[in-house]
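Each remark here refers to the structure printed beneath this line.
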Amino acid sequence: MPTAEKIPESLIATNINRAVTDVFKTMLRRGITSVGSERGHEATPWPPLPARPKPEIPLIVGMVGFIGDVDGFTYVYMDEPFAKQCVGSMIGISPEEAAALSEPDIKDAIGELTNMIVGSFKNGLCDMGFPCKLTIPSILIGCDFSVGPTSAAERYIYVFDCGGNRVVADILMKSEE
Amino acid sequence: MRHRILSVDDSRTVRIIVRKAFRAFSCDIVEAGNGVEALASIAKEAPALVLLDVTMPTMDGVELLTKLKSDPVLAKIPVVMLTAEGAQDQVKKITELGATDYIVKPFKEDQLIEKVKRIIELSPAESAPGAVPAPTA
């Protein structure tokens, strides 16, 4: 089975950048730019996520896995107020209406947004010879938590800026056993 | 003629986007959150077209498509896939199962409407913004 080491980092970067940009442009009509990346290496196999400027603001994290010739998870992090703005843009409601959305509605929309990002990312991998399928999305909400590996995994972190708001795509891929 | 379109997706958000996309047209959008709900809806009243996601709990889109296409009556209902599963191999496989068309998420409302209009006739809703009133005698 091909593992993370067999997929060039440049291919992962190209696919996630394209996926995030396409989904924001098409579904939210918002521009988003890549502002940084980091990957695990021998000295620091599990680099931490970049520090948040306002850690007291709750985070919303969408999670979707991919299973097949390559296995992994992608987490998409954004602050809750920005997540609500994104949901508002997605379903065409005003910022005031978006701010009043219920938690189940926010979870559903961010889950779907993550599903589209990870789907587009993994479709690129599939077309490059690494077939895999998506899992159903799930959502984490909270202020202070971290994600850690339960088995050998490679970590790739991609940071984006959307009008001064930060979006982080955190990709964990199963590494050579 | 007022058509009925069945939107099958486990995401309420996608179903809202679909409903809003077609509000300018004279058609009824009915919704289902998975394949089982979709089959129950179709049994009550067959839609003119089904918009179908792939990855869903309970019964996924591939299983529903297979069931529809194995039924001599239901096989005639056009099915447009609307899914994030867009790898070339998968699009080919699902199209071979009988899907009429395939839209990969993310999608634009215009693209969705255009593809549906190629399959069923959609007339503007009477109250739609910019709708031209029917001429009076």
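Scheme for the structure tokens: letters A, B, ... for chains in order shown; per-chain residue numbers from 1; ligand numbers from 1 in order shown.
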
Contact residues around B:Asp10 with only C-alpha atoms at 8 Å, ignoring same-chain residues under 5 positions, as an mmCIF file with N, CA and C atoms, in the first residue's frame:
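Just written: result.cif:
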```cif
data_model
loop_
_atom_site.group_PDB
_atom_site.id
_atom_site.type_symbol
_atom_site.label_atom_id
_atom_site.label_comp_id
_atom_site.auth_asym_id
_atom_site.auth_seq_id
_atom_site.Cartn_x
_atom_site.Cartn_y
_atom_site.Cartn_z
ATOM 1 N N ALA B 32 -34.538 14.604 0.981
ATOM 2 C CA ALA B 32 -34.306 13.379 1.739
ATOM 3 C C ALA B 32 -32.861 13.408 2.236
ATOM 4 N N GLY B 33 -32.647 12.858 3.453
ATOM 5 C CA GLY B 33 -31.318 12.919 4.064
ATOM 6 C C GLY B 33 -30.460 11.692 3.819
ATOM 7 N N ASN B 34 -31.042 10.680 3.178
ATOM 8 C CA ASN B 34 -30.270 9.473 2.836
ATOM 9 C C ASN B 34 -31.069 8.646 1.836
ATOM 10 N N ASP B 53 -26.379 12.824 -3.623
ATOM 11 C CA ASP B 53 -25.049 12.780 -3.012
ATOM 12 C C ASP B 53 -24.573 11.318 -2.971
ATOM 13 N N MET B 56 -23.331 9.074 2.274
ATOM 14 C CA MET B 56 -24.417 9.355 3.220
ATOM 15 C C MET B 56 -24.563 8.164 4.149
ATOM 16 N N PRO B 57 -25.053 8.400 5.381
ATOM 17 C CA PRO B 57 -25.295 7.268 6.272
ATOM 18 C C PRO B 57 -26.540 6.494 5.839
#
```

- stretch 3-8 of chain B surroundings by only C-alpha atoms, 9 Å radius, close-in-sequence under 5 positions cut, as JSON, numbers by chain: {"B": [14, 15, 18, 19, 26, 27, 28, 29, 30, 31, 32, 33, 34, 35, 37, 38, 41, 42, 45, 46, 47, 48, 49, 50, 51, 52, 53, 61, 82, 120, 121, 122]}

- Item | chain A residues near chain B (9 Å cut-off, only C-alpha atoms) as JSON, numbers by chain | {"A": [22, 23, 24, 26, 27, 87, 90, 91, 92, 105, 108, 109, 111, 112, 113, 115, 116, 117, 118, 119, 120, 122, 123, 124, 125, 126, 127, 131, 133, 134, 135, 136]}

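Between atom CA of A:Tyr156 and atom CA of A:Ile171 there is a distance of 5.1 Å.
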
- DSSP-assigned alpha helix (DSSP H) among chain A, expressed as a PyMOL selection string: chain A and resi 9-23+80-91+95-99+103-127

- Message: Using DSSP secondary structure from the backbone, list all strand (DSSP E or B) positions within chain B, as a ChimeraX atom specification.
- Response: /B:3-8,25,27-32,49-52,79-83,101-104,124

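Nearest-residue note for B:Leu112: choosing from B:Leu39, B:Met81, B:Glu96, B:Lys76, the minimum distance belongs to B:Met81, counting only C-alpha atoms.
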
- Task: Considering only C-alpha atoms, state which residue in the set A:Pro48, A:Gly88, A:Gly148, A:Gly36 is at the smallest distance from A:Val167.
- Result: A:Gly36

- Task: Might you pull out every residue within 12 Å of B:Thr66, with only C-alpha atoms counted and same-chain residues fewer than 3 positions away left off, and present them as a ChimeraX atom specification?
- Result: /B:35,39,54,59-63,69-72,74-75,79,93-99

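Our summary of the geometry notes that atom CA of B:Ile119 is positioned 16.2 Å from atom CA of B:Ala21.
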
- Can you work out the spacing between atom CA of A:Val64 and atom CA of A:Thr114 in Å, to one decimal? 6.7 Å
